[in-house]
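Structure file start_33.cif (mmCIF, C-alpha atoms and all ligand atoms) is printed below.
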data_entry
#
loop_
_atom_site.label_atom_id
_atom_site.label_comp_id
_atom_site.auth_asym_id
_atom_site.auth_seq_id
_atom_site.Cartn_x
_atom_site.Cartn_y
_atom_site.Cartn_z
CA MET D 1 0.00 0.00 0.00
CA GLU D 2 1.55 3.27 -1.13
CA LEU D 3 0.39 6.12 1.08
CA GLU D 4 0.76 9.78 0.20
CA LYS D 5 3.73 11.54 1.79
CA PHE D 6 4.68 15.14 2.51
CA SER D 7 6.67 16.96 -0.17
CA ALA D 8 10.06 18.47 0.69
CA THR D 9 8.41 21.90 1.12
CA GLN D 10 5.77 20.44 3.42
CA ILE D 11 8.42 18.66 5.50
CA LYS D 12 10.10 22.02 6.14
CA ILE D 13 6.79 23.47 7.36
CA VAL D 14 6.23 20.40 9.54
CA ASN D 15 9.71 20.65 11.09
CA ASN D 16 9.15 24.32 11.91
CA ALA D 17 5.78 23.60 13.48
CA VAL D 18 7.23 20.76 15.57
CA ALA D 19 10.12 22.97 16.76
CA VAL D 20 7.67 25.62 17.96
CA ALA D 21 5.51 22.96 19.62
CA GLU D 22 8.57 21.67 21.51
CA GLU D 23 9.38 25.13 22.78
CA LEU D 24 5.81 25.83 23.88
CA VAL D 25 5.41 22.49 25.66
CA SER D 26 8.76 22.75 27.47
CA ASN D 27 7.84 26.26 28.60
CA PHE D 28 4.43 25.13 29.77
CA TYR D 29 5.90 22.30 31.84
CA LYS D 30 8.81 24.51 32.91
CA MET D 31 11.43 22.18 31.53
CA ALA D 32 14.57 23.46 29.94
CA ALA D 33 14.71 22.16 26.38
CA SER D 34 17.89 20.33 27.34
CA GLN D 35 16.15 18.48 30.17
CA TRP D 36 14.73 15.01 30.09
CA LEU D 37 12.50 15.43 27.11
CA LYS D 38 15.60 15.56 25.00
CA ARG D 39 16.52 12.35 23.24
CA LYS D 40 13.44 10.65 24.61
CA TYR D 41 11.37 11.11 21.51
CA ASP D 42 11.58 11.82 17.86
CA PHE D 43 9.09 13.00 15.27
CA LYS D 44 9.00 11.06 12.02
CA THR D 45 7.10 11.63 8.81
CA GLY D 46 5.98 9.17 6.15
CA THR D 47 9.32 8.77 4.40
CA ASP D 48 10.92 7.52 7.64
CA LEU D 49 8.16 5.18 8.72
CA LYS D 50 8.12 1.43 8.52
CA SER D 51 4.87 -0.04 7.26
CA GLN D 52 3.82 -1.15 10.76
CA GLU D 53 4.23 2.44 11.98
CA MET D 54 1.63 3.70 9.53
CA VAL D 55 -2.03 3.64 10.44
CA LEU D 56 -5.21 4.66 8.74
CA GLY D 57 -7.31 7.20 10.61
CA PRO D 58 -5.31 9.15 13.21
CA PHE D 59 -2.97 12.01 12.33
CA ALA D 60 -0.18 10.59 14.46
CA GLN D 61 0.57 7.60 16.59
CA ILE D 62 3.10 7.28 19.36
CA ILE D 63 5.12 4.09 19.45
CA ARG D 64 7.15 3.32 22.53
CA TYR D 65 10.49 1.66 22.11
CA GLU D 66 12.91 0.59 24.77
CA GLY D 67 16.19 2.41 24.42
CA HIS D 68 19.53 1.33 25.83
CA HIS D 69 22.40 3.57 26.72
CA PRO D 70 25.31 2.43 24.59
CA GLU D 71 27.77 2.41 27.51
CA SER D 72 25.88 -0.29 29.39
CA SER D 73 25.35 -3.70 27.84
CA LEU D 74 23.62 -5.15 30.90
CA GLY D 75 20.29 -3.54 30.11
CA THR D 76 20.06 -1.96 33.54
CA SER D 77 19.85 1.51 32.14
CA SER D 78 17.13 1.08 29.58
CA TYR D 79 14.79 3.97 28.99
CA ASP D 80 11.59 4.60 27.10
CA PHE D 81 11.87 6.18 23.72
CA TYR D 82 8.80 7.53 21.99
CA LYS D 83 8.55 7.73 18.26
CA VAL D 84 5.87 10.12 17.10
CA CYS D 85 4.82 8.81 13.72
CA LEU D 86 3.04 11.56 11.84
CA GLN D 87 0.61 10.14 9.31
CA ASP D 88 1.25 12.33 6.27
CA HIS D 89 -1.57 10.76 4.25
CA SER D 90 -4.26 11.43 6.90
CA ILE D 91 -3.07 14.99 7.49
CA LEU D 92 -2.99 15.76 3.76
CA GLU D 93 -6.39 14.21 3.17
CA THR D 94 -7.94 16.28 5.96
CA LEU D 95 -6.36 19.47 4.60
CA ARG D 96 -7.97 18.74 1.25
CA LYS D 97 -11.37 18.07 2.78
CA THR D 98 -11.21 21.08 5.09
CA PRO D 99 -9.78 23.97 3.05
CA SER D 100 -9.88 26.35 6.04
CA LEU D 101 -7.16 24.23 7.72
CA LYS D 102 -3.55 25.05 6.91
CA LEU D 103 -0.60 22.73 7.33
CA TYR D 104 1.47 24.88 9.72
CA PRO D 105 -1.15 25.57 12.42
CA PHE D 106 -2.60 22.06 12.05
CA VAL D 107 0.76 20.36 12.65
CA LEU D 108 1.52 22.83 15.43
CA TYR D 109 -1.62 21.58 17.16
CA ILE D 110 -0.89 17.90 16.46
CA GLY D 111 2.74 18.25 17.57
CA THR D 112 1.81 20.07 20.78
CA HIS D 113 -0.83 17.43 21.51
CA GLU D 114 1.56 14.50 21.02
CA LEU D 115 4.27 16.14 23.12
CA ILE D 116 1.85 16.60 26.00
CA HIS D 117 1.11 12.87 25.81
CA ILE D 118 4.83 12.12 25.98
CA VAL D 119 5.43 14.44 28.93
CA ARG D 120 2.57 12.74 30.74
CA PHE D 121 3.80 9.25 29.88
CA SER D 122 7.28 10.05 31.11
CA LYS D 123 5.98 11.65 34.31
CA PHE D 124 3.78 8.58 34.80
CA LEU D 125 0.71 10.77 34.79
CA GLN D 126 -0.62 8.61 32.02
CA ASN D 127 -0.37 4.86 31.68
CA PHE D 128 0.72 3.70 28.23
CA HIS D 129 -1.62 0.72 28.63
CA ALA D 130 -4.71 2.54 29.84
CA THR D 131 -8.28 1.29 29.56
CA SER D 132 -10.38 2.79 26.81
CA GLN D 133 -12.30 4.97 29.28
CA GLU D 134 -9.04 6.25 30.76
CA LYS D 135 -7.73 6.91 27.26
CA GLN D 136 -10.85 8.86 26.39
CA ASN D 137 -10.52 11.05 29.51
CA GLU D 138 -6.83 11.54 28.87
CA GLU D 139 -7.53 12.49 25.28
CA ARG D 140 -9.95 15.21 26.37
CA TYR D 141 -7.48 16.49 28.96
CA VAL D 142 -4.67 16.59 26.39
CA HIS D 143 -6.83 18.43 23.84
CA GLN D 144 -7.80 21.01 26.44
CA THR D 145 -4.20 21.50 27.54
CA THR D 146 -3.16 21.86 23.90
CA HIS D 147 -5.77 24.58 23.55
CA LYS D 148 -4.60 26.29 26.73
CA ILE D 149 -1.02 26.41 25.43
CA LEU D 150 -1.86 27.52 21.91
CA ALA D 151 -4.58 30.02 22.83
CA LYS D 152 -1.86 32.33 24.18
CA ILE D 153 -0.01 32.67 20.91
CA ASN D 154 -1.00 34.52 17.82
CA ILE D 155 -0.57 32.38 14.75
CA ALA D 156 -2.71 32.65 11.65
CA GLY D 157 -5.01 29.70 11.12
CA LEU D 158 -5.12 28.46 14.71
CA LYS D 159 -8.72 29.53 15.20
CA GLU D 160 -9.72 27.24 12.33
CA VAL D 161 -7.82 24.37 13.98
CA PHE D 162 -9.64 24.94 17.30
CA LEU D 163 -12.89 24.89 15.36
CA PHE D 164 -11.90 21.59 13.78
CA TYR D 165 -11.34 20.10 17.26
CA HIS D 166 -14.31 21.83 18.90
CA LYS D 167 -15.87 18.55 20.08
CA TRP D 168 -12.80 17.88 22.23
CA LEU D 169 -12.46 21.43 23.43
CA ARG D 170 -15.90 21.79 24.94
CA PRO D 171 -15.63 21.93 28.73
ZN ZN O 1 -4.09 12.16 21.77
#
If you convert what's in this file into structure tokens, what do you get?
Amino acid sequence: MELEKFSATQIKIVNNAVAVAEELVSNFYKMAASQWLKRKYDFKTGTDLKSQEMVLGPFAQIIRYEGHHPESSLGTSSYDFYKVCLQDHSILETLRKTPSLKLYPFVLYIGTHELIHIVRFSKFLQNFHATSQEKQNEERYVHQTTHKILAKINIAGLKEVFLFYHKWLRP
């Protein structure tokens, strides 16, 4: 199955949006960018994904891998590594269906949202293997926190993204 991927120009926009999302989320959680979030996750787009990392439906999925520090071969210092797999094809399809949405603000929202999940996983505020009810509550919480973070900044097209997610943003 050959899924649509971002063009080189779109990847640049995506990288910029993700960089801003990282800054906003680290500020919100009062973590220096160099602190523990660093090297604990990576954002990947379609070209870098293996077929099992692609899904139909969501705009991104987080896959947890176990990392090992190279200096220890005993496995005592393993750590969680989160790979945020952006689903280019779903994002592009939604942009086509919803012309008011633009790539930059949309990925800024998605990136911020996924980073909040990762912060909460790594602080053990969220269980990676939660029940579906817990996942649903967490999802609402993460959407509302995303909104809280992004509502403070002035970026064209964000209002349209909030509108797109309005079901999750209702109190
Ligand atoms: Zn989510």
Within 7 Å of ligand ZN 1 (chain O), which residues of chain D come that close, and what is the closest atom pair and distance in Å for each? Count only C-alpha atoms and all ligand atoms and give it as CSV.
residue,atom,partner,partner_atom,distance
D:His113,CA,O:ZN1,ZN,6.2
D:Glu114,CA,O:ZN1,ZN,6.2
D:His117,CA,O:ZN1,ZN,6.6
D:Glu139,CA,O:ZN1,ZN,4.9
D:Val142,CA,O:ZN1,ZN,6.4
Grab the CA of Ile63 (chain D) to CA of Asp42 (chain D) distance for me, in Å with one decimal place.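 According to the coordinates, CA of Ile63 (chain D) and CA of Asp42 (chain D) are separated by 10.2 Å.
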Polymer residues at most 9 Å from Leu49 (chain D), all atoms listed in the file, same-chain spacing of 4 or more positions, as a compact mmCIF listing (two decimals) with C-alpha atoms, in the frame of the given file:
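This went into out.txt:
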# COMPACT_ATOMS: atom_id res chain seq x y z
CA LYS D 44 9.00 11.06 12.02
CA THR D 45 7.10 11.63 8.81
CA GLU D 53 4.23 2.44 11.98
CA MET D 54 1.63 3.70 9.53
CA CYS D 85 4.82 8.81 13.72
CA LEU D 86 3.04 11.56 11.84
D:Ala19, D:Leu101, D:Leu56, D:Val107 ranked by distance to Lys159 (chain D), top pick (using all atoms listed in the file): D:Leu101
Non-local contacts of Glu4 (chain D) (8 Å; all atoms listed in the file; under 4 positions in same chain excluded) as a PyMOL selection string: chain D and resi 46+88-89+92
Of the residues D:Val25, D:Ser51, D:Glu138, D:Gln133, which is the one nearest to Tyr109 (chain D), using only C-alpha atoms?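 Under the stated criterion, the closest residue is D:Val25.
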Taking all atoms listed in the file into account, which of D:Tyr41, D:Phe106, D:Ile13, D:Lys50 comes nearest Glu66 (chain D)?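 Going through D:Tyr41, D:Phe106, D:Ile13, D:Lys50 one by one, the smallest distance to Glu66 (chain D) is for D:Tyr41.
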Please measure the separation of CA of Ile11 (chain D) and CA of Ala60 (chain D), giving the value in Å to one decimal.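 Going from CA of Ile11 (chain D) over to CA of Ala60 (chain D) covers 14.8 Å.
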